[in-house]
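Below is model01.txt, holding compact mmCIF, C-alpha atoms.
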```txt
# COMPACT_ATOMS: atom_id res chain seq x y z
CA ARG A 288 -5.40 -28.70 17.81
CA LYS A 289 -5.62 -25.35 19.59
CA GLU A 290 -8.06 -25.06 22.46
CA VAL A 291 -9.63 -21.93 20.99
CA GLU A 292 -9.33 -21.18 17.29
CA GLN A 293 -10.12 -17.98 15.45
CA ASP A 294 -9.70 -16.69 11.93
CA PRO A 295 -6.89 -14.12 12.31
CA GLY A 296 -8.34 -11.84 9.62
CA PRO A 297 -7.95 -9.01 9.02
CA PHE A 298 -11.54 -8.20 8.29
CA ASN A 299 -11.63 -4.91 6.40
CA VAL A 300 -15.12 -3.40 6.41
CA PRO A 301 -16.62 0.03 5.69
CA GLU A 302 -18.33 2.06 8.36
CA GLY A 303 -21.89 0.96 8.88
CA ALA A 304 -21.28 -2.62 7.81
CA THR A 305 -22.25 -5.70 9.76
CA VAL A 306 -19.44 -8.10 10.50
CA ALA A 307 -19.40 -11.50 12.19
CA PHE A 308 -16.57 -13.45 13.76
CA ASN A 309 -16.65 -17.10 14.64
CA CYS A 310 -14.54 -19.02 17.08
CA THR A 311 -14.36 -22.75 17.80
CA TYR A 312 -13.35 -24.44 21.01
CA SER A 313 -12.08 -27.94 21.65
CA ASN A 314 -13.20 -28.68 25.21
CA SER A 315 -16.76 -29.93 25.07
CA ALA A 316 -17.00 -29.55 28.85
CA SER A 317 -16.34 -25.80 28.71
CA GLN A 318 -19.21 -23.86 30.18
CA SER A 319 -18.57 -20.18 29.71
CA PHE A 320 -16.99 -17.89 27.22
CA PHE A 321 -16.09 -14.26 26.73
CA TRP A 322 -15.24 -11.85 23.98
CA TYR A 323 -12.40 -9.48 24.82
CA ARG A 324 -11.29 -6.52 22.76
CA GLN A 325 -7.64 -5.55 22.49
CA ASP A 326 -6.39 -2.35 20.93
CA CYS A 327 -2.87 -2.22 19.51
CA ARG A 328 -0.28 -2.55 22.31
CA LYS A 329 -2.96 -2.29 24.96
CA GLU A 330 -4.44 -4.70 27.46
CA PRO A 331 -7.40 -6.99 26.70
CA LYS A 332 -10.70 -5.53 27.89
CA LEU A 333 -13.86 -7.51 28.45
CA LEU A 334 -16.39 -6.79 25.72
CA MET A 335 -19.09 -9.22 26.74
CA SER A 336 -19.79 -12.57 28.31
CA VAL A 337 -21.41 -15.23 26.15
CA TYR A 338 -24.52 -16.87 27.50
CA SER A 339 -25.94 -20.10 26.16
CA SER A 340 -29.11 -18.39 25.04
CA GLY A 341 -27.23 -15.65 23.25
CA ASN A 342 -27.01 -12.10 24.43
CA GLU A 343 -27.00 -8.63 23.01
CA ASP A 344 -25.35 -5.42 24.16
CA GLY A 345 -26.15 -2.52 21.91
CA ARG A 346 -24.61 -3.17 18.49
CA PHE A 347 -22.95 -6.38 19.68
CA THR A 348 -24.53 -9.83 19.75
CA ALA A 349 -22.85 -12.98 21.02
CA GLN A 350 -24.05 -16.51 20.40
CA LEU A 351 -22.95 -19.89 21.70
CA ASN A 352 -23.59 -23.13 19.84
CA ARG A 353 -22.65 -26.00 22.13
CA ALA A 354 -23.51 -28.75 19.66
CA SER A 355 -21.02 -27.41 17.13
CA GLN A 356 -18.70 -25.94 19.75
CA TYR A 357 -18.52 -22.48 18.29
CA ILE A 358 -19.06 -18.96 19.50
CA SER A 359 -19.92 -15.99 17.35
CA LEU A 360 -19.75 -12.23 17.69
CA LEU A 361 -21.85 -9.99 15.47
CA ILE A 362 -21.15 -6.28 15.22
CA ARG A 363 -23.79 -4.14 13.55
CA ASP A 364 -23.36 -0.62 12.19
CA SER A 365 -19.55 -0.76 12.50
CA LYS A 366 -17.79 2.35 13.73
CA LEU A 367 -14.20 3.42 13.10
CA SER A 368 -13.64 2.99 16.83
CA ASP A 369 -14.50 -0.71 16.55
CA SER A 370 -11.15 -1.32 14.85
CA ALA A 371 -9.27 -3.66 17.17
CA THR A 372 -8.43 -7.30 17.74
CA TYR A 373 -11.26 -9.40 19.11
CA LEU A 374 -10.24 -12.25 21.39
CA CYS A 375 -12.42 -15.30 21.91
CA VAL A 376 -11.89 -16.68 25.40
CA ASP A 377 -12.84 -19.95 27.10
CA SER A 378 -13.34 -19.24 30.79
CA GLY A 379 -11.43 -22.41 31.68
CA GLY A 380 -13.22 -22.55 35.02
CA TYR A 381 -12.80 -18.76 35.46
CA ASN A 382 -9.36 -18.73 37.03
CA LYS A 383 -7.53 -19.81 33.90
CA LEU A 384 -8.73 -18.00 30.81
CA ILE A 385 -7.89 -19.71 27.51
CA PHE A 386 -7.42 -17.19 24.74
CA GLY A 387 -7.72 -17.52 21.02
CA ALA A 388 -5.12 -15.73 18.95
CA GLY A 389 -7.59 -13.03 18.01
CA THR A 390 -9.34 -11.69 14.92
CA ARG A 391 -8.31 -8.30 13.59
CA LEU A 392 -11.00 -5.89 12.49
CA ALA A 393 -10.27 -2.75 10.51
CA VAL A 394 -13.19 -0.40 9.88
CA HIS A 395 -12.55 2.20 7.19
CA PRO A 396 -14.43 5.37 6.23
CA GLU B 287 -10.25 3.95 41.29
CA ALA B 288 -6.85 2.81 40.01
CA GLY B 289 -6.77 -0.16 37.68
CA VAL B 290 -4.19 -2.90 37.56
CA THR B 291 -0.79 -1.28 37.30
CA GLN B 292 2.38 -2.88 36.05
CA PHE B 293 6.01 -1.84 36.16
CA PRO B 294 8.12 -1.51 34.11
CA SER B 295 6.07 -0.91 31.00
CA HIS B 296 9.05 -1.78 28.81
CA SER B 297 12.32 -3.54 29.53
CA VAL B 298 15.23 -4.52 27.31
CA ILE B 299 17.76 -6.87 28.85
CA GLU B 300 20.54 -9.12 27.68
CA LYS B 301 20.27 -12.86 27.63
CA GLY B 302 21.33 -14.24 30.98
CA GLN B 303 20.30 -11.18 32.96
CA THR B 304 17.53 -11.02 35.52
CA VAL B 305 14.33 -9.01 35.26
CA THR B 306 11.66 -8.48 37.87
CA LEU B 307 8.19 -7.39 36.85
CA ARG B 308 5.82 -5.89 39.36
CA CYS B 309 2.03 -5.86 39.45
CA ASP B 310 -0.31 -3.94 41.71
CA PRO B 311 -3.82 -5.35 41.47
CA ILE B 312 -7.00 -3.39 41.97
CA SER B 313 -7.44 -2.69 45.66
CA GLY B 314 -9.49 -5.38 47.37
CA HIS B 315 -8.97 -7.99 44.66
CA ASP B 316 -7.82 -11.24 46.22
CA ASN B 317 -7.24 -12.94 42.88
CA LEU B 318 -4.16 -12.04 40.91
CA TYR B 319 -3.07 -13.64 37.66
CA TRP B 320 -0.09 -13.54 35.37
CA TYR B 321 -0.44 -14.14 31.64
CA ARG B 322 1.97 -13.64 28.80
CA ARG B 323 1.92 -13.31 25.03
CA VAL B 324 5.01 -14.22 23.09
CA MET B 325 5.45 -13.13 19.49
CA GLY B 326 2.89 -14.58 17.15
CA LYS B 327 1.14 -16.62 19.83
CA GLU B 328 -2.01 -16.28 21.86
CA ILE B 329 -2.12 -14.99 25.42
CA LYS B 330 -1.31 -17.83 27.79
CA PHE B 331 -2.04 -18.31 31.49
CA LEU B 332 0.99 -18.49 33.77
CA LEU B 333 -0.35 -18.61 37.31
CA HIS B 334 -3.03 -17.56 39.75
CA PHE B 335 -2.73 -16.25 43.31
CA VAL B 336 -5.50 -16.13 45.86
CA LYS B 337 -4.21 -13.61 48.36
CA GLU B 338 -0.63 -14.74 49.03
CA SER B 339 -1.15 -18.39 48.04
CA LYS B 340 -0.42 -19.87 44.64
CA GLN B 341 -3.69 -21.45 43.56
CA ASP B 342 -2.50 -22.68 40.19
CA GLU B 343 0.96 -22.34 38.67
CA SER B 344 0.52 -24.91 35.93
CA GLY B 345 1.28 -22.38 33.21
CA MET B 346 4.73 -21.41 34.44
CA PRO B 347 7.08 -22.44 31.63
CA ASN B 348 10.08 -23.55 33.69
CA ASN B 349 11.98 -22.91 36.91
CA ARG B 350 13.57 -19.75 35.56
CA PHE B 351 10.30 -18.03 36.41
CA LEU B 352 9.46 -17.18 40.02
CA ALA B 353 6.30 -15.42 41.11
CA GLU B 354 5.63 -14.10 44.57
CA ARG B 355 2.87 -12.22 46.30
CA THR B 356 4.06 -11.52 49.80
CA GLY B 357 1.34 -10.16 52.04
CA GLY B 358 -1.29 -10.76 49.42
CA THR B 359 -1.00 -7.32 47.86
CA TYR B 360 1.35 -6.67 44.96
CA SER B 361 3.07 -9.44 43.04
CA THR B 362 6.43 -9.83 41.37
CA LEU B 363 7.44 -12.10 38.51
CA LYS B 364 11.16 -12.69 38.23
CA VAL B 365 12.85 -14.23 35.22
CA GLN B 366 16.34 -15.48 35.96
CA PRO B 367 18.28 -16.00 33.78
CA ALA B 368 16.34 -14.55 30.88
CA GLU B 369 16.42 -16.31 27.52
CA LEU B 370 15.59 -14.97 24.07
CA GLU B 371 12.30 -16.90 23.96
CA ASP B 372 11.09 -15.08 27.07
CA SER B 373 10.53 -11.94 25.00
CA GLY B 374 6.91 -10.89 24.89
CA VAL B 375 4.33 -9.00 26.86
CA TYR B 376 3.52 -10.05 30.40
CA PHE B 377 0.03 -9.17 31.56
CA CYS B 378 -1.09 -9.08 35.14
CA ALA B 379 -4.78 -9.26 35.95
CA SER B 380 -6.95 -9.24 39.02
CA SER B 381 -10.50 -10.07 40.04
CA GLN B 382 -12.65 -10.07 43.14
CA ASP B 383 -14.15 -13.50 42.79
CA VAL B 384 -13.52 -16.41 40.44
CA SER B 385 -17.08 -17.65 40.35
CA GLY B 386 -19.76 -16.74 37.89
CA LEU B 387 -20.00 -15.00 34.59
CA GLY B 388 -20.53 -11.78 36.49
CA ASN B 389 -16.93 -11.86 37.65
CA THR B 390 -14.73 -9.61 35.59
CA ILE B 391 -11.00 -10.08 35.24
CA TYR B 392 -9.23 -6.75 34.75
CA PHE B 393 -5.92 -6.65 32.93
CA GLY B 394 -3.02 -4.29 33.33
CA GLU B 395 -1.41 -2.69 30.28
CA GLY B 396 1.37 -5.22 30.33
CA SER B 397 5.13 -5.25 30.74
CA TRP B 398 6.87 -5.54 27.38
CA LEU B 399 10.04 -7.57 27.74
CA THR B 400 12.71 -7.81 25.06
CA VAL B 401 15.65 -10.14 25.63
CA VAL B 402 18.59 -9.52 23.29
```
Show this structure as structure tokens.
Amino acid sequence: RKEVEQDPGPFNVPEGATVAFNCTYSNSASQSFFWYRQDCRKEPKLLMSVYSSGNEDGRFTAQLNRASQYISLLIRDSKLSDSATYLCVDSGGYNKLIFGAGTRLAVHP
Amino acid sequence: EAGVTQFPSHSVIEKGQTVTLRCDPISGHDNLYWYRRVMGKEIKFLLHFVKESKQDESGMPNNRFLAERTGGTYSTLKVQPAELEDSGVYFCASSQDVSGLGNTIYFGEGSWLTVV
């Protein structure tokens, strides 16, 4: 079983739609998680950290469910510029990030 | 402020040759990491430097890979001899501090390696 699993997608949504990605992790001792965004042939960039109480940053909301060992990312009012691959990441103690394979999002007009 | 820079951005070499990848972290970042993504797989950790010391090299695939960070500034990752399965993108990253969710790890744009 992979340490971090994600649905590869692609998720094809129209502009303005709300889309949610889920991610599961295998290490019940893991404490912290991140969502990274990666554009085609570019580097991963931190989108947001995931706090146990859930956190929101503009149109983006991240949630952590420790009991079920999953993390979610909700994007509201999707923009064309949101098209990218979203990477779910277990902090692995911070010095050793554990990446999921990513979920592709394509937002169309 | 300059981000994490990597060189070369692309490299095509023949099986059995040697390639050296270079990474310049963000100035002042003591922590430097190497990750790689091979075709169809997720990004995987290779190793972590704190200044010039290897803190964790558990992700290095085999002894054909050698990473150095002399003087605690830039780092090199040498693959010798390269094999076909080494093809992929090698990301370098850096951070100021490993502790806390507030710590951000910044990635370079990657060095794309193709072994033919």
Any idea what's packed within 9 Å of Asp372 (chain B), counting all atoms listed in the file, ignoring anything in its chain fewer than 5 positions away? Could you give it as a compact mmCIF listing (two decimals) with C-alpha atoms, in the coordinates of the input?
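Printed below is result-v8.txt as written:
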```
# COMPACT_ATOMS: atom_id res chain seq x y z
CA VAL B 324 5.01 -14.22 23.09
CA VAL B 365 12.85 -14.23 35.22
CA LEU B 399 10.04 -7.57 27.74
CA THR B 400 12.71 -7.81 25.06
CA VAL B 401 15.65 -10.14 25.63
```
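Within 7 Å of chain B, chain A contributes the residues A:Lys329, A:Glu330, A:Pro331, A:Ser336, A:Tyr381, A:Asn382, A:Lys383, A:Leu384, A:Ile385, A:Phe386, A:Gly387, A:Ala388, using all atoms listed in the file.
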Those residues you just picked out, can you put them in a file as a PDB file, keeping the file's coordinate frame with C-alpha atoms?
```pdb
ATOM      1  CA  LYS A 329      -2.960  -2.290  24.960  1.00  0.00           C
ATOM      2  CA  GLU A 330      -4.440  -4.700  27.460  1.00  0.00           C
ATOM      3  CA  PRO A 331      -7.400  -6.990  26.700  1.00  0.00           C
ATOM      4  CA  SER A 336     -19.790 -12.570  28.310  1.00  0.00           C
ATOM      5  CA  TYR A 381     -12.800 -18.760  35.460  1.00  0.00           C
ATOM      6  CA  ASN A 382      -9.360 -18.730  37.030  1.00  0.00           C
ATOM      7  CA  LYS A 383      -7.530 -19.810  33.900  1.00  0.00           C
ATOM      8  CA  LEU A 384      -8.730 -18.000  30.810  1.00  0.00           C
ATOM      9  CA  ILE A 385      -7.890 -19.710  27.510  1.00  0.00           C
ATOM     10  CA  PHE A 386      -7.420 -17.190  24.740  1.00  0.00           C
ATOM     11  CA  GLY A 387      -7.720 -17.520  21.020  1.00  0.00           C
ATOM     12  CA  ALA A 388      -5.120 -15.730  18.950  1.00  0.00           C
TER      13      ALA A 388
END
```
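Each of A:Thr348, A:Asn314, A:Thr390, A:Gln293 was compared to Thr372 (chain A) using all atoms listed in the file, and A:Thr390 turns out to be the nearest.
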Next on the checklist: Need to verify the contact set: Glu354 (chain B), 9 Å, only C-alpha atoms, exclusion of same-chain residues closer than 6 positions in sequence. Can you return it as number ranges by chain?
Outcome noted: B: 335, 338-340, 360-364
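Interatomic distance, CA of Leu360 (chain A) against CA of Phe298 (chain A): 13.1 Å.
Take CA of Cys327 (chain A) and CA of Glu302 (chain A): the distance between them is 19.5 Å.
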Checklist entry - Can you tell me, as a list in words, which residues sit within 10 Å of (14.0, -17.6, 20.1) in the file's frame, using all atoms listed in the file? => result Met325, Glu369, Leu370, Glu371, Asp372, Ser373, Val401 and Val402 of chain B
Next on the checklist: Please compute the CA of Pro311 (chain B)-CA of Leu352 (chain B) distance, one decimal, in Å.
Outcome noted: 17.8 Å
Next on the checklist: Applying 10 Å and all atoms listed in the file, which residues near Pro396 (chain A) remain after dropping the ones on its own chain fewer than 3 positions away? List them as a ChimeraX atom specification.
Outcome noted: /A:300-303,366-367
Next on the checklist: Applying 12 Å and all atoms listed in the file, which residues near Asp294 (chain A) remain after dropping the ones on its own chain fewer than 5 positions away? List them as a ChimeraX atom specification.
Outcome noted: /A:307-311,359,372-375,387-392
All residues 12 Å or closer to Ser313 (chain A), only C-alpha atoms, same chain fewer than 4 positions away omitted, as a PDB file with C-alpha atoms, in the coordinates of the input:
```
ATOM      1  CA  ARG A 288      -5.400 -28.700  17.810  1.00  0.00           C
ATOM      2  CA  LYS A 289      -5.620 -25.350  19.590  1.00  0.00           C
ATOM      3  CA  GLU A 290      -8.060 -25.060  22.460  1.00  0.00           C
ATOM      4  CA  VAL A 291      -9.630 -21.930  20.990  1.00  0.00           C
ATOM      5  CA  GLU A 292      -9.330 -21.180  17.290  1.00  0.00           C
ATOM      6  CA  GLN A 293     -10.120 -17.980  15.450  1.00  0.00           C
ATOM      7  CA  SER A 317     -16.340 -25.800  28.710  1.00  0.00           C
ATOM      8  CA  GLN A 318     -19.210 -23.860  30.180  1.00  0.00           C
ATOM      9  CA  ARG A 353     -22.650 -26.000  22.130  1.00  0.00           C
ATOM     10  CA  ALA A 354     -23.510 -28.750  19.660  1.00  0.00           C
ATOM     11  CA  SER A 355     -21.020 -27.410  17.130  1.00  0.00           C
ATOM     12  CA  GLN A 356     -18.700 -25.940  19.750  1.00  0.00           C
ATOM     13  CA  TYR A 357     -18.520 -22.480  18.290  1.00  0.00           C
ATOM     14  CA  ILE A 358     -19.060 -18.960  19.500  1.00  0.00           C
ATOM     15  CA  VAL A 376     -11.890 -16.680  25.400  1.00  0.00           C
ATOM     16  CA  ASP A 377     -12.840 -19.950  27.100  1.00  0.00           C
ATOM     17  CA  GLY A 379     -11.430 -22.410  31.680  1.00  0.00           C
ATOM     18  CA  ILE A 385      -7.890 -19.710  27.510  1.00  0.00           C
ATOM     19  CA  GLY A 387      -7.720 -17.520  21.020  1.00  0.00           C
TER      20      GLY A 387
END
```
Determine the axis-aligned bounding box of all atoms of region 371-386 of chain A present in the file, pad each side by 3 Å, and express its centre and edge lengths in Å to one decimal place as lines of an AutoDock Vina configuration file.
```
center_x = -10.4
center_y = -13.1
center_z = 27.1
size_x = 11.9
size_y = 24.9
size_z = 25.9
```
Repaired coordinates for region 361-375 of chain B (N, CA, C and O atoms) as a PDB file, in the coordinates of the input:
```pdb
ATOM      1  N   SER B 361       2.373  -8.217  43.435  1.00  0.00           N
ATOM      2  CA  SER B 361       3.070  -9.440  43.040  1.00  0.00           C
ATOM      3  C   SER B 361       4.282  -9.095  42.189  1.00  0.00           C
ATOM      4  O   SER B 361       4.312  -8.051  41.521  1.00  0.00           O
ATOM      5  N   THR B 362       5.272  -9.959  42.247  1.00  0.00           N
ATOM      6  CA  THR B 362       6.430  -9.830  41.370  1.00  0.00           C
ATOM      7  C   THR B 362       6.607 -11.118  40.575  1.00  0.00           C
ATOM      8  O   THR B 362       6.272 -12.205  41.057  1.00  0.00           O
ATOM      9  N   LEU B 363       7.096 -10.963  39.365  1.00  0.00           N
ATOM     10  CA  LEU B 363       7.440 -12.100  38.510  1.00  0.00           C
ATOM     11  C   LEU B 363       8.885 -11.902  38.084  1.00  0.00           C
ATOM     12  O   LEU B 363       9.211 -10.937  37.410  1.00  0.00           O
ATOM     13  N   LYS B 364       9.732 -12.805  38.528  1.00  0.00           N
ATOM     14  CA  LYS B 364      11.160 -12.690  38.230  1.00  0.00           C
ATOM     15  C   LYS B 364      11.551 -13.735  37.204  1.00  0.00           C
ATOM     16  O   LYS B 364      11.145 -14.914  37.312  1.00  0.00           O
ATOM     17  N   VAL B 365      12.327 -13.323  36.240  1.00  0.00           N
ATOM     18  CA  VAL B 365      12.850 -14.230  35.220  1.00  0.00           C
ATOM     19  C   VAL B 365      14.366 -14.227  35.367  1.00  0.00           C
ATOM     20  O   VAL B 365      15.017 -13.203  35.225  1.00  0.00           O
ATOM     21  N   GLN B 366      14.917 -15.401  35.676  1.00  0.00           N
ATOM     22  CA  GLN B 366      16.340 -15.480  35.960  1.00  0.00           C
ATOM     23  C   GLN B 366      16.887 -16.870  35.644  1.00  0.00           C
ATOM     24  O   GLN B 366      16.434 -17.850  36.270  1.00  0.00           O
ATOM     25  N   PRO B 367      17.804 -17.008  34.722  1.00  0.00           N
ATOM     26  CA  PRO B 367      18.280 -16.000  33.780  1.00  0.00           C
ATOM     27  C   PRO B 367      17.352 -15.922  32.575  1.00  0.00           C
ATOM     28  O   PRO B 367      16.753 -16.917  32.170  1.00  0.00           O
ATOM     29  N   ALA B 368      17.234 -14.737  32.024  1.00  0.00           N
ATOM     30  CA  ALA B 368      16.340 -14.550  30.880  1.00  0.00           C
ATOM     31  C   ALA B 368      16.934 -15.166  29.627  1.00  0.00           C
ATOM     32  O   ALA B 368      18.144 -15.127  29.398  1.00  0.00           O
ATOM     33  N   GLU B 369      16.052 -15.747  28.811  1.00  0.00           N
ATOM     34  CA  GLU B 369      16.420 -16.310  27.520  1.00  0.00           C
ATOM     35  C   GLU B 369      15.683 -15.550  26.419  1.00  0.00           C
ATOM     36  O   GLU B 369      14.689 -14.868  26.682  1.00  0.00           O
ATOM     37  N   LEU B 370      16.178 -15.708  25.194  1.00  0.00           N
ATOM     38  CA  LEU B 370      15.590 -14.970  24.070  1.00  0.00           C
ATOM     39  C   LEU B 370      14.092 -15.255  23.929  1.00  0.00           C
ATOM     40  O   LEU B 370      13.303 -14.349  23.629  1.00  0.00           O
ATOM     41  N   GLU B 371      13.698 -16.516  24.163  1.00  0.00           N
ATOM     42  CA  GLU B 371      12.300 -16.900  23.960  1.00  0.00           C
ATOM     43  C   GLU B 371      11.362 -16.349  25.032  1.00  0.00           C
ATOM     44  O   GLU B 371      10.139 -16.524  24.942  1.00  0.00           O
ATOM     45  N   ASP B 372      11.931 -15.691  26.043  1.00  0.00           N
ATOM     46  CA  ASP B 372      11.090 -15.080  27.070  1.00  0.00           C
ATOM     47  C   ASP B 372      10.540 -13.723  26.622  1.00  0.00           C
ATOM     48  O   ASP B 372       9.686 -13.137  27.304  1.00  0.00           O
ATOM     49  N   SER B 373      11.002 -13.230  25.507  1.00  0.00           N
ATOM     50  CA  SER B 373      10.530 -11.940  25.000  1.00  0.00           C
ATOM     51  C   SER B 373       9.034 -12.002  24.721  1.00  0.00           C
ATOM     52  O   SER B 373       8.540 -12.987  24.164  1.00  0.00           O
ATOM     53  N   GLY B 374       8.354 -10.947  25.108  1.00  0.00           N
ATOM     54  CA  GLY B 374       6.910 -10.890  24.890  1.00  0.00           C
ATOM     55  C   GLY B 374       6.304  -9.860  25.824  1.00  0.00           C
ATOM     56  O   GLY B 374       7.005  -9.052  26.418  1.00  0.00           O
ATOM     57  N   VAL B 375       5.002  -9.911  25.937  1.00  0.00           N
ATOM     58  CA  VAL B 375       4.330  -9.000  26.860  1.00  0.00           C
ATOM     59  C   VAL B 375       3.724  -9.815  27.986  1.00  0.00           C
ATOM     60  O   VAL B 375       3.070 -10.835  27.757  1.00  0.00           O
TER      61      VAL B 375
END
```
